[in-house]
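Visitor: Structure below; questions to follow.
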Amino acid sequence: MVRRILVWDVPTRVFHWLQVLSFGGAYLTAFSERLRNYHVALGYILLGLLVFRLLWGFVGTRYARFSSFLFNPGEIIAYLLAMVKRKPAHYLGHNPAGSVSVWLLLALGMFVCVTGVMALQDDASDLVVDMHDISTDIMLGVIALHLVGVLMSSILNRENLVRSMFTGLKSAESDEGVRHSYSWLGVLMVAAVIIFWFAYVKRPLG
Ligand code: HEM
Ligand code: HEM
């Protein structure tokens with residue numbers, strides 16, 4: 001019997017969409033001196049979200065845990081080959097190919113934010129500023145691949161992965177859904193981000 005089961009808990013979904021907003025906002029505000037305060041505030045929000053995700057990868061629910069999407073190269077290649085033959089196996093959590101973009105995006109996000117904090121220092125070198133700038137471009141490229149991957153997996157497995165990232169639900173024959181959604185933690189995350197935003201942007205520019 002096919003039923004709807006919970007795969008992505010609320011904190012994972014809140015993390016994902018706030019990450020999209022903060023990255024997008026940081027990008028739009030990156031190129032103007034006047035908007036620097038907004039840029040840095042959005043950057044810190046992304047950094048905070050990534051630190052949260054790092055912890056949630058160890059203590060979160062089943063499909064949010066890093067151990068559930070740690071695949072070896074053989075599994076990744078096998079999945080890609082199956083994709084070419086249009087018969088990829090169905091995974092409830094991240095699939096082996098998708099996991100590569102997930103790992104890359106988490107690591108690149110961290111790198112962009114850490115070099116951003118370094119670029120903020122008075123004695124920041126040109127090298128640091130360049131690394132911040134270039135890693136952002138590399139991340140944009142990986143985001144594009146991520147979107148192509150999400151679209152291809154959705155088509156090949158005939159399931160709407162984007163909708164699942166909003167609702168947390170997927171159709172499955174098994175009863176392997178997670179029991180708790182941790183909605184309260186998602187609410188706490190949104191509240192923390194809003195409070196941080198208003199506290200930070202009030203600071204004088206500089
Ligand atoms: C804690 C996080 C972040 C901090 C503290 C930060 C800080 C800064 C600072 C101080 C600069 C100016 C460097 C200079 O010209 O002296 C800068 C530039 C820039 N940031 Fe960030 N940033 C952060 C996150 C991000 C994120 C998430 C993105 C990606 C969307 C990003 C994209 C850029 C880009 C593209 C520039 C270069 C703009 C240009 O070429 O003029 N930053 N950032
Ligand atoms: C700034 C842009 C984006 C970044 C940095 C990003 C990053 C990520 C990360 C890190 C994950 C793993 C989630 C987790 O386990 O915590 C993920 C998953 C996912 N993202 Fe994004 N994402 C971005 C934009 C988008 C957009 C615009 C869409 C939809 C149109 C999207 C759709 C998805 C979906 C569907 C998944 C789940 C994939 C699966 O089912 O395995 N992402 N993304």
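Chain identifiers are assigned as A, B, and so on, following the order in which chains appear in the structure tokens; residues are numbered from 1 within each chain, and ligands are numbered from 1 in order of appearance.
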Do you know which residues are at most 8 Å from A:Arg4 counting only C-alpha atoms, after dropping those on the same chain fewer than 6 positions away, and could you put them as a VMD selection string?

Guide: chain A and resid 169 to 172

Visitor: Take the residues from that selection and put them in a file with C-alpha atoms, as a short mmCIF file (atom, residue, chain, number, x, y, z; two decimals), in the first residue's frame.

Guide:
data_model
loop_
_atom_site.label_atom_id
_atom_site.label_comp_id
_atom_site.auth_asym_id
_atom_site.auth_seq_id
_atom_site.Cartn_x
_atom_site.Cartn_y
_atom_site.Cartn_z
CA LEU A 169 6.29 14.20 2.76
CA LYS A 170 7.00 11.49 0.18
CA SER A 171 4.98 8.57 -1.14
CA ALA A 172 6.32 5.16 -0.17
#

Visitor: Neighbours of A:Thr61 within 12 Å (only C-alpha atoms; same-chain residues fewer than 6 positions away dropped), as JSON, numbers by chain?

Guide: {"A": [6, 7, 8, 9, 10, 11, 12, 53, 55, 67, 68, 93, 176, 177, 178, 179, 180, 181, 182]}

Visitor: Please write the residues from the selection above to a file, keeping C-alpha atoms, as a PDB file, in the first residue's frame.

Guide:
ATOM      1  CA  LEU A   6       7.376  12.144   6.711  1.00  0.00           C
ATOM      2  CA  VAL A   7      10.952  12.260   5.392  1.00  0.00           C
ATOM      3  CA  TRP A   8      12.227  15.804   6.072  1.00  0.00           C
ATOM      4  CA  ASP A   9      11.686  17.140   9.592  1.00  0.00           C
ATOM      5  CA  VAL A  10      10.734  20.817   9.996  1.00  0.00           C
ATOM      6  CA  PRO A  11      14.217  22.086  11.018  1.00  0.00           C
ATOM      7  CA  THR A  12      15.738  20.557   7.837  1.00  0.00           C
ATOM      8  CA  ARG A  53      22.825  21.914  10.084  1.00  0.00           C
ATOM      9  CA  LEU A  55      24.855  19.644  14.559  1.00  0.00           C
ATOM     10  CA  SER A  67      25.185   8.841   8.156  1.00  0.00           C
ATOM     11  CA  SER A  68      22.051   8.364   6.024  1.00  0.00           C
ATOM     12  CA  GLY A  93      16.362  10.481   1.673  1.00  0.00           C
ATOM     13  CA  GLU A 176       9.987   4.172   7.167  1.00  0.00           C
ATOM     14  CA  GLY A 177       8.930   7.738   7.899  1.00  0.00           C
ATOM     15  CA  VAL A 178      10.305   9.758  10.802  1.00  0.00           C
ATOM     16  CA  ARG A 179       8.120   9.958  13.897  1.00  0.00           C
ATOM     17  CA  HIS A 180       8.767  13.524  15.067  1.00  0.00           C
ATOM     18  CA  SER A 181       8.735  16.668  12.937  1.00  0.00           C
ATOM     19  CA  TYR A 182      10.335  18.947  15.590  1.00  0.00           C
TER      20      TYR A 182
END

Visitor: Can you tell me, as a PyMOL selection string, what residues are no more than 12 Å from A:Ser135 when counting only C-alpha atoms, ignoring any on the same chain fewer than 2 positions away?

Guide: chain A and resi 104-105+107-116+127-133+137-142

Visitor: Any chance you can output those residues with C-alpha atoms as a tab-separated table (two decimals), in the first residue's frame?

Guide:
chain	number	residue	atom	x	y	z
A	104	LEU	CA	29.62	20.33	-1.68
A	105	LEU	CA	27.00	22.97	-0.93
A	107	ALA	CA	31.20	22.82	2.59
A	108	LEU	CA	31.19	25.71	0.09
A	109	GLY	CA	28.64	27.63	2.17
A	110	MET	CA	30.96	27.31	5.16
A	111	PHE	CA	33.96	28.40	3.11
A	112	VAL	CA	32.15	31.44	1.69
A	113	CYS	CA	31.05	32.53	5.18
A	114	VAL	CA	34.42	31.97	6.86
A	115	THR	CA	36.27	33.93	4.16
A	116	GLY	CA	33.52	36.58	4.46
A	127	LEU	CA	43.75	37.13	-1.34
A	128	VAL	CA	41.06	36.63	1.30
A	129	VAL	CA	38.64	38.97	-0.51
A	130	ASP	CA	39.36	37.15	-3.80
A	131	MET	CA	38.80	33.74	-2.19
A	132	HIS	CA	35.47	35.02	-0.82
A	133	ASP	CA	34.46	36.33	-4.22
A	137	ASP	CA	30.99	31.96	-8.00
A	138	ILE	CA	31.95	28.30	-7.58
A	139	MET	CA	28.99	27.87	-5.26
A	140	LEU	CA	26.67	29.44	-7.84
A	141	GLY	CA	27.86	26.79	-10.30
A	142	VAL	CA	27.19	23.96	-7.84

Visitor: List the neighbours of A:Val20 out to 12 Å using only C-alpha atoms; skip same-chain residues closer than 4 positions along the sequence, and give me the result as a list in words.

Guide: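 Residues meeting the cut-off are Arg13, Val14, Phe15, His16, Gly24, Gly25, Ala26, Tyr27, Leu42, Gly43, Ile45, Leu46, Leu49, Leu50, Leu105, Gly109, Leu140 and Ile143 of chain A.
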
Visitor: Could you dump the residues just selected with N, CA and C atoms as a PDB file, in the first residue's frame?

Guide:
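So part.pdb came out as:
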ATOM      1  N   ARG A  13      13.787  21.465   6.707  1.00  0.00           N
ATOM      2  CA  ARG A  13      13.115  22.259   5.670  1.00  0.00           C
ATOM      3  C   ARG A  13      13.319  23.740   5.912  1.00  0.00           C
ATOM      4  N   VAL A  14      13.212  24.156   7.180  1.00  0.00           N
ATOM      5  CA  VAL A  14      13.429  25.578   7.504  1.00  0.00           C
ATOM      6  C   VAL A  14      14.864  25.947   7.150  1.00  0.00           C
ATOM      7  N   PHE A  15      15.806  25.054   7.499  1.00  0.00           N
ATOM      8  CA  PHE A  15      17.205  25.292   7.140  1.00  0.00           C
ATOM      9  C   PHE A  15      17.320  25.500   5.639  1.00  0.00           C
ATOM     10  N   HIS A  16      16.730  24.601   4.845  1.00  0.00           N
ATOM     11  CA  HIS A  16      16.903  24.694   3.400  1.00  0.00           C
ATOM     12  C   HIS A  16      16.404  26.014   2.835  1.00  0.00           C
ATOM     13  N   GLY A  24      20.658  34.070  -1.395  1.00  0.00           N
ATOM     14  CA  GLY A  24      20.169  34.972  -2.459  1.00  0.00           C
ATOM     15  C   GLY A  24      20.284  36.429  -2.035  1.00  0.00           C
ATOM     16  N   GLY A  25      19.879  36.712  -0.793  1.00  0.00           N
ATOM     17  CA  GLY A  25      19.946  38.087  -0.284  1.00  0.00           C
ATOM     18  C   GLY A  25      21.381  38.571  -0.187  1.00  0.00           C
ATOM     19  N   ALA A  26      22.271  37.693   0.308  1.00  0.00           N
ATOM     20  CA  ALA A  26      23.687  38.078   0.441  1.00  0.00           C
ATOM     21  C   ALA A  26      24.268  38.365  -0.937  1.00  0.00           C
ATOM     22  N   TYR A  27      23.830  37.600  -1.930  1.00  0.00           N
ATOM     23  CA  TYR A  27      24.361  37.832  -3.279  1.00  0.00           C
ATOM     24  C   TYR A  27      23.890  39.188  -3.817  1.00  0.00           C
ATOM     25  N   LEU A  42      23.056  38.999   6.473  1.00  0.00           N
ATOM     26  CA  LEU A  42      22.554  37.805   5.769  1.00  0.00           C
ATOM     27  C   LEU A  42      23.615  36.702   5.772  1.00  0.00           C
ATOM     28  N   GLY A  43      24.879  37.104   5.634  1.00  0.00           N
ATOM     29  CA  GLY A  43      25.980  36.139   5.682  1.00  0.00           C
ATOM     30  C   GLY A  43      26.044  35.435   7.026  1.00  0.00           C
ATOM     31  N   ILE A  45      23.634  35.053   9.083  1.00  0.00           N
ATOM     32  CA  ILE A  45      22.461  34.170   9.196  1.00  0.00           C
ATOM     33  C   ILE A  45      22.758  32.837   8.505  1.00  0.00           C
ATOM     34  N   LEU A  46      23.361  32.906   7.313  1.00  0.00           N
ATOM     35  CA  LEU A  46      23.711  31.664   6.611  1.00  0.00           C
ATOM     36  C   LEU A  46      24.719  30.852   7.439  1.00  0.00           C
ATOM     37  N   LEU A  49      22.906  29.148  10.192  1.00  0.00           N
ATOM     38  CA  LEU A  49      22.115  28.021   9.674  1.00  0.00           C
ATOM     39  C   LEU A  49      23.009  26.819   9.399  1.00  0.00           C
ATOM     40  N   LEU A  50      24.191  27.080   8.840  1.00  0.00           N
ATOM     41  CA  LEU A  50      25.102  25.981   8.502  1.00  0.00           C
ATOM     42  C   LEU A  50      25.629  25.299   9.762  1.00  0.00           C
ATOM     43  N   LEU A 105      27.664  21.715  -1.270  1.00  0.00           N
ATOM     44  CA  LEU A 105      27.001  22.974  -0.929  1.00  0.00           C
ATOM     45  C   LEU A 105      27.205  23.339   0.536  1.00  0.00           C
ATOM     46  N   GLY A 109      29.326  26.598   1.380  1.00  0.00           N
ATOM     47  CA  GLY A 109      28.638  27.626   2.168  1.00  0.00           C
ATOM     48  C   GLY A 109      29.501  28.041   3.349  1.00  0.00           C
ATOM     49  N   LEU A 140      27.775  29.201  -6.888  1.00  0.00           N
ATOM     50  CA  LEU A 140      26.673  29.438  -7.835  1.00  0.00           C
ATOM     51  C   LEU A 140      26.614  28.315  -8.873  1.00  0.00           C
ATOM     52  N   ILE A 143      25.181  25.259  -7.287  1.00  0.00           N
ATOM     53  CA  ILE A 143      23.727  25.428  -7.101  1.00  0.00           C
ATOM     54  C   ILE A 143      23.004  25.116  -8.421  1.00  0.00           C
TER      55      ILE A 143
END

Visitor: Give me the residues within 10 Å of A:Asn157 as a list in words, counting only C-alpha atoms and dropping any in the same chain fewer than 5 places off.

Guide: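 Within the cut-off, the hits are Met83, Arg86, Lys87, Pro88, Ala89, His90, Tyr91 and Met152 of chain A.
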
Visitor: Taking only C-alpha atoms into account, name the residue in A:Trp197, A:Trp17, A:Tyr79, A:Tyr44 that is nearest to A:Val162.

Guide: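 For A:Val162, the nearest of the given residues is A:Trp17.
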
Visitor: Could you pull out the strand (DSSP E) residues of stretch 52-186 of chain A from DSSP and send them as a PyMOL selection string?

Guide: chain A and resi 169-172

Visitor: Those same residues - C-alpha atoms - I'd like them written as a PDB file, in the first residue's frame.

Guide:
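Once everything was written out, this is selection15.pdb:
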ATOM      1  CA  LEU A 169       6.291  14.195   2.757  1.00  0.00           C
ATOM      2  CA  LYS A 170       7.000  11.486   0.182  1.00  0.00           C
ATOM      3  CA  SER A 171       4.978   8.573  -1.139  1.00  0.00           C
ATOM      4  CA  ALA A 172       6.318   5.164  -0.172  1.00  0.00           C
TER       5      ALA A 172
END

Visitor: Taking only C-alpha atoms into account, which of A:Leu81, A:Val148, A:Leu21, A:Leu54 comes nearest A:Leu106?

Guide: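 That would be A:Leu54, the residue with the smallest distance to A:Leu106.
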
Visitor: Nearest residue to ligand 1 out of A:Ser174, A:Ser22, A:Asn95, A:Thr167, using only C-alpha atoms and all ligand atoms?

Guide: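 Of the candidates, the smallest distance to ligand 1 is held by A:Ser22.
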
Visitor: To one decimal in Å, tell me the separation between atom 6 (C, counted along the ligand's line) of ligand 1 and atom CA of A:Gly98.

Guide: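 So the two atoms, atom 6 (C, counted along the ligand's line) of ligand 1 and atom CA of A:Gly98, lie 27.5 Å apart.
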
Visitor: Show which residues sit within 10 Å of A:Phe71, as number ranges by chain. Count only C-alpha atoms, and ignore same-chain residues fewer than 2 positions away.

Guide: A: 66-69, 73-76, 95-97, 99-100

Visitor: Please produce a file of the residues just selected, as an mmCIF file, in the first residue's frame, where the atoms kept are C-alpha atoms.

Guide:
data_model
loop_
_atom_site.group_PDB
_atom_site.id
_atom_site.type_symbol
_atom_site.label_atom_id
_atom_site.label_comp_id
_atom_site.auth_asym_id
_atom_site.auth_seq_id
_atom_site.Cartn_x
_atom_site.Cartn_y
_atom_site.Cartn_z
ATOM 1 C CA PHE A 66 24.859 12.603 7.708
ATOM 2 C CA SER A 67 25.185 8.841 8.156
ATOM 3 C CA SER A 68 22.051 8.364 6.024
ATOM 4 C CA PHE A 69 23.625 10.053 2.991
ATOM 5 C CA PRO A 73 32.243 6.297 -4.808
ATOM 6 C CA GLY A 74 31.007 2.938 -6.156
ATOM 7 C CA GLU A 75 27.447 3.670 -5.070
ATOM 8 C CA ILE A 76 27.608 7.158 -6.583
ATOM 9 C CA ASN A 95 20.170 9.773 -3.348
ATOM 10 C CA PRO A 96 23.904 9.052 -3.929
ATOM 11 C CA ALA A 97 24.275 11.627 -6.728
ATOM 12 C CA SER A 99 24.385 13.675 -1.758
ATOM 13 C CA VAL A 100 27.475 14.870 -3.641
#
